[in-house]
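> Pasting a structure below so you can have a look.
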Amino acid sequence: MKKYIIACVLLISFTPSPAQQKPPRLIVRGDDMGYSHSGNEAIIKSYKEGIETSIEVIVPSPWFPEAVKLLQQNPAVDVGIHLAITSEWDNVKWRPLSDCPSLKDPNGYFYPMVVANKNYPGQSIAENNWNIADIEKEFRAQLSIGLKNIPHISHLSSHMNCTGLTDEVRALTKRLAKEFKIDIDPKDFQVIPVGYEGTHITPEQKIQSILMMLAKLEPDKTYLFVEHPGFDNDELRAVSHVGYENVAADRQGVTEMFTNEKVKRFIKQKGIQLIGYKDLVGQRQ
């Protein structure tokens, strides 16, 4: 009986009280900066007026020069290089920055897909004779040019999960992150990926679904939420690929969700700490 009482006392004494617990931490990531002017403007708006804390930029994208200017004007924002070896949209394309023939389609663009897709038969990297030397060459070019133009980059990320193509590509990506001194991998910090809770087609549904997700975040844990802001305008209505035709309306909803006052108020009330990748350093659990 005495041993039982002592064990209970010890358990109680080592159980953190609510006052000792740290609030939930959340990285809110806006992907694909550079793919369009609309996307660039919406991503910056989502950072300046909303909850977005990290911006991922595609270096070989057509609107990269504008992205550089906007990111230079906002030096406090956390920025990641969004490594990309695909060009998925039908009406706007980008090419490699390096001489990497195994990653190019017959027109010299990146293939639209990473792995086989029924809507684009034979037009994925995986279905063609890619080689690791070309991927390394292209990743190095994107990292070098990105860091040259945006010195406050803190990390890298993966467009369409291209860095997960094979174990060899994953290992290469990790090695390059260390070499370029931007190795902040959420997995190393026990960051938990989260998404919408429920239907999220309309702006209103997106707002309700992110509120439901935010309500489930737990103290002493760090989370990552990823989305793609944009504006529903003529430019973005011309951007699509088979299987994702409502890009403009969908991404307008993301922008409205990221800047919604109710969402911002809920985050404040719940005490959620909005952080970027660079804030993970020193917070290893």
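In the structure tokens, chains take the letters A, B, ... in the order shown, each chain's residues start at 1, and ligands count up from 1 in the order shown.
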Pull the closest atom pair for each residue of stretch 110-187 of chain A that gets at most 12 Å from stretch 229-245 of chain A, along with the distance in Å to one decimal, counting only C-alpha atoms, ordering rows by chain and then ascending residue number, as a tab-separated table.

residue	atom	partner	partner_atom	distance
A:Pro112	CA	A:His241	CA	9.0
A:Met113	CA	A:His241	CA	10.5
A:Asn117	CA	A:Val242	CA	10.0
A:Lys118	CA	A:Val242	CA	9.8
A:Asn119	CA	A:Val242	CA	6.4
A:Tyr120	CA	A:Val242	CA	8.3
A:Pro121	CA	A:Val242	CA	11.8
> Please produce a file of those selected residues containing C-alpha atoms, as a short mmCIF file (atom, residue, chain, number, x, y, z; two decimals), in the first residue's frame.

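Written out: result-v2.cif:
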data_model
loop_
_atom_site.label_atom_id
_atom_site.label_comp_id
_atom_site.auth_asym_id
_atom_site.auth_seq_id
_atom_site.Cartn_x
_atom_site.Cartn_y
_atom_site.Cartn_z
CA PRO A 112 4.23 17.72 -65.90
CA MET A 113 4.16 14.87 -63.39
CA ASN A 117 -0.74 9.89 -64.16
CA LYS A 118 -3.58 8.54 -66.31
CA ASN A 119 -4.33 12.04 -67.61
CA TYR A 120 -0.75 12.51 -68.83
CA PRO A 121 0.40 9.11 -70.09
#
> Apply DSSP to the backbone of this structure and, from stretch 20-263 of chain A, keep only the residues in helix (DSSP H, G or I); write these as a ChimeraX atom specification.
/A:37-48,64-72,101-103,132-149,159-164,167-179,186-189,203-215,234-237,247-258,261-263
> Got a sec: who's within 9 Å of A:Gln142, counting only C-alpha atoms, leaving out chain neighbours fewer than 6 positions off, as a list in words?
Ile58, Val59, Pro60, Ile81, His82, Leu83, Ala84, Pro96, Leu97 and Ser98 of chain A
> Skipping near chain neighbours, those fewer than 6 positions away, what residues fall within 12 Å of A:Lys178 using only C-alpha atoms, listed as a list in words?
Leu143, Ser154, His155, Leu156, Ala171, Leu172, Ile184 and Asp185 of chain A
> Export, as an mmCIF file, in the first residue's frame, the selected residues with N, CA and C atoms.

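This is the output file out07.cif:
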data_model
loop_
_atom_site.group_PDB
_atom_site.id
_atom_site.type_symbol
_atom_site.label_atom_id
_atom_site.label_comp_id
_atom_site.auth_asym_id
_atom_site.auth_seq_id
_atom_site.Cartn_x
_atom_site.Cartn_y
_atom_site.Cartn_z
ATOM 1 N N LEU A 143 19.195 25.754 -55.835
ATOM 2 C CA LEU A 143 19.642 26.184 -54.508
ATOM 3 C C LEU A 143 20.602 27.369 -54.613
ATOM 4 N N SER A 154 15.761 29.777 -45.288
ATOM 5 C CA SER A 154 16.143 28.978 -44.114
ATOM 6 C C SER A 154 16.095 27.477 -44.356
ATOM 7 N N HIS A 155 15.388 27.033 -45.412
ATOM 8 C CA HIS A 155 15.154 25.603 -45.568
ATOM 9 C C HIS A 155 14.791 25.297 -47.013
ATOM 10 N N LEU A 156 14.591 24.038 -47.304
ATOM 11 C CA LEU A 156 14.068 23.633 -48.608
ATOM 12 C C LEU A 156 12.843 22.749 -48.414
ATOM 13 N N ALA A 171 18.022 10.882 -50.206
ATOM 14 C CA ALA A 171 19.352 11.003 -49.614
ATOM 15 C C ALA A 171 20.115 12.170 -50.218
ATOM 16 N N LEU A 172 19.991 12.354 -51.523
ATOM 17 C CA LEU A 172 20.635 13.488 -52.196
ATOM 18 C C LEU A 172 20.116 14.810 -51.639
ATOM 19 N N ILE A 184 16.771 22.316 -42.250
ATOM 20 C CA ILE A 184 15.760 22.341 -41.193
ATOM 21 C C ILE A 184 14.616 21.447 -41.656
ATOM 22 N N ASP A 185 14.682 20.192 -41.267
ATOM 23 C CA ASP A 185 13.704 19.192 -41.685
ATOM 24 C C ASP A 185 12.674 19.015 -40.577
#
> List every residue of stretch 175-233 of chain A that DSSP, applied to the backbone of this structure, places in strand (DSSP E), and write the result as a list of chain:residue names.
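Assigned to strand (DSSP E), within stretch 175-233 of chain A: A:Ile192, A:Pro193, A:Val194, A:Thr222, A:Tyr223, A:Leu224, A:Phe225, A:Val226, A:Glu227.
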> Would you mind telling me which residue in A:Gly50, A:Gly276, A:Pro219, A:Pro203 lies nearest to A:Glu261 when using only C-alpha atoms?
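Smallest distance to A:Glu261 is found for A:Gly50.
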> Mind checking which residues fall within 8 Å of A:Gly195, counting only C-alpha atoms, ignoring those fewer than 5 positions away in the same chain, and posting them as a list of chain:residue names?
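Returned residues: A:Ile210, A:Met213, A:Phe225, A:Val226.
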> Find the residues around stretch 24-27 of chain A up to 8 Å (only C-alpha atoms counted), leave out those fewer than 3 positions away in its own chain, and share them as a list of chain:residue names.
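Everything that qualifies: A:Glu52, A:Thr53, A:Ser54, A:Leu217, A:Glu218, A:Pro219, A:Asp220, A:Lys221, A:Thr222, A:Tyr223, A:Leu224, A:Phe225, A:Gly271, A:Ile272, A:Gln273, A:Leu274, A:Ile275, A:Gly276, A:Tyr277.
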> State, in Å with one decimal place, the distance from atom CA of A:Leu280 to atom CA of A:Pro193.
14.4 Å
> What lies within 12 Å of A:Ala116 using only C-alpha atoms, ignoring chain neighbours under 5 positions off, as a PDB file with N, CA and C atoms, in the first residue's frame?

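Writing the result to out06.pdb gives the following:
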ATOM      1  N   TYR A 111       8.829  17.648 -67.289  1.00  0.00           N
ATOM      2  CA  TYR A 111       7.617  16.846 -67.438  1.00  0.00           C
ATOM      3  C   TYR A 111       6.553  17.377 -66.472  1.00  0.00           C
ATOM      4  N   PRO A 121      -0.344  10.359 -69.886  1.00  0.00           N
ATOM      5  CA  PRO A 121       0.399   9.107 -70.091  1.00  0.00           C
ATOM      6  C   PRO A 121       1.798   9.340 -70.656  1.00  0.00           C
ATOM      7  N   GLY A 122       2.774   8.729 -70.012  1.00  0.00           N
ATOM      8  CA  GLY A 122       4.157   8.834 -70.464  1.00  0.00           C
ATOM      9  C   GLY A 122       4.818  10.158 -70.167  1.00  0.00           C
ATOM     10  N   GLN A 123       4.126  11.059 -69.450  1.00  0.00           N
ATOM     11  CA  GLN A 123       4.647  12.413 -69.223  1.00  0.00           C
ATOM     12  C   GLN A 123       5.029  12.643 -67.759  1.00  0.00           C
ATOM     13  N   SER A 124       5.617  11.643 -67.164  1.00  0.00           N
ATOM     14  CA  SER A 124       6.120  11.805 -65.798  1.00  0.00           C
ATOM     15  C   SER A 124       7.611  11.502 -65.767  1.00  0.00           C
ATOM     16  N   ILE A 125       8.281  12.007 -64.748  1.00  0.00           N
ATOM     17  CA  ILE A 125       9.709  11.726 -64.587  1.00  0.00           C
ATOM     18  C   ILE A 125       9.928  10.220 -64.440  1.00  0.00           C
ATOM     19  N   ALA A 126       9.098   9.593 -63.608  1.00  0.00           N
ATOM     20  CA  ALA A 126       9.280   8.175 -63.304  1.00  0.00           C
ATOM     21  C   ALA A 126       9.179   7.293 -64.539  1.00  0.00           C
ATOM     22  N   GLU A 127       8.414   7.728 -65.543  1.00  0.00           N
ATOM     23  CA  GLU A 127       8.222   6.920 -66.744  1.00  0.00           C
ATOM     24  C   GLU A 127       9.313   7.142 -67.791  1.00  0.00           C
ATOM     25  N   ASN A 128      10.239   8.027 -67.512  1.00  0.00           N
ATOM     26  CA  ASN A 128      11.293   8.334 -68.464  1.00  0.00           C
ATOM     27  C   ASN A 128      12.667   8.042 -67.843  1.00  0.00           C
ATOM     28  N   LEU A 165      11.029  10.944 -54.909  1.00  0.00           N
ATOM     29  CA  LEU A 165      10.944  10.060 -56.069  1.00  0.00           C
ATOM     30  C   LEU A 165      11.503   8.671 -55.765  1.00  0.00           C
TER      31      LEU A 165
END
> Using only C-alpha atoms for the distances, tell me which of A:Met257, A:Ile85, A:Ile55, A:Met212 is nearest to A:Ala141.
A:Ile85
> Counting only C-alpha atoms, which residue out of A:Asp105, A:Gly39, A:Glu204, A:Lys174 sits closest to A:Asp188?
A:Lys174
> Would you please work out which residue, of A:Ile145, A:Val77, A:Ile43, A:Leu103, is nearest to A:Pro65 when using only C-alpha atoms?
A:Ile145
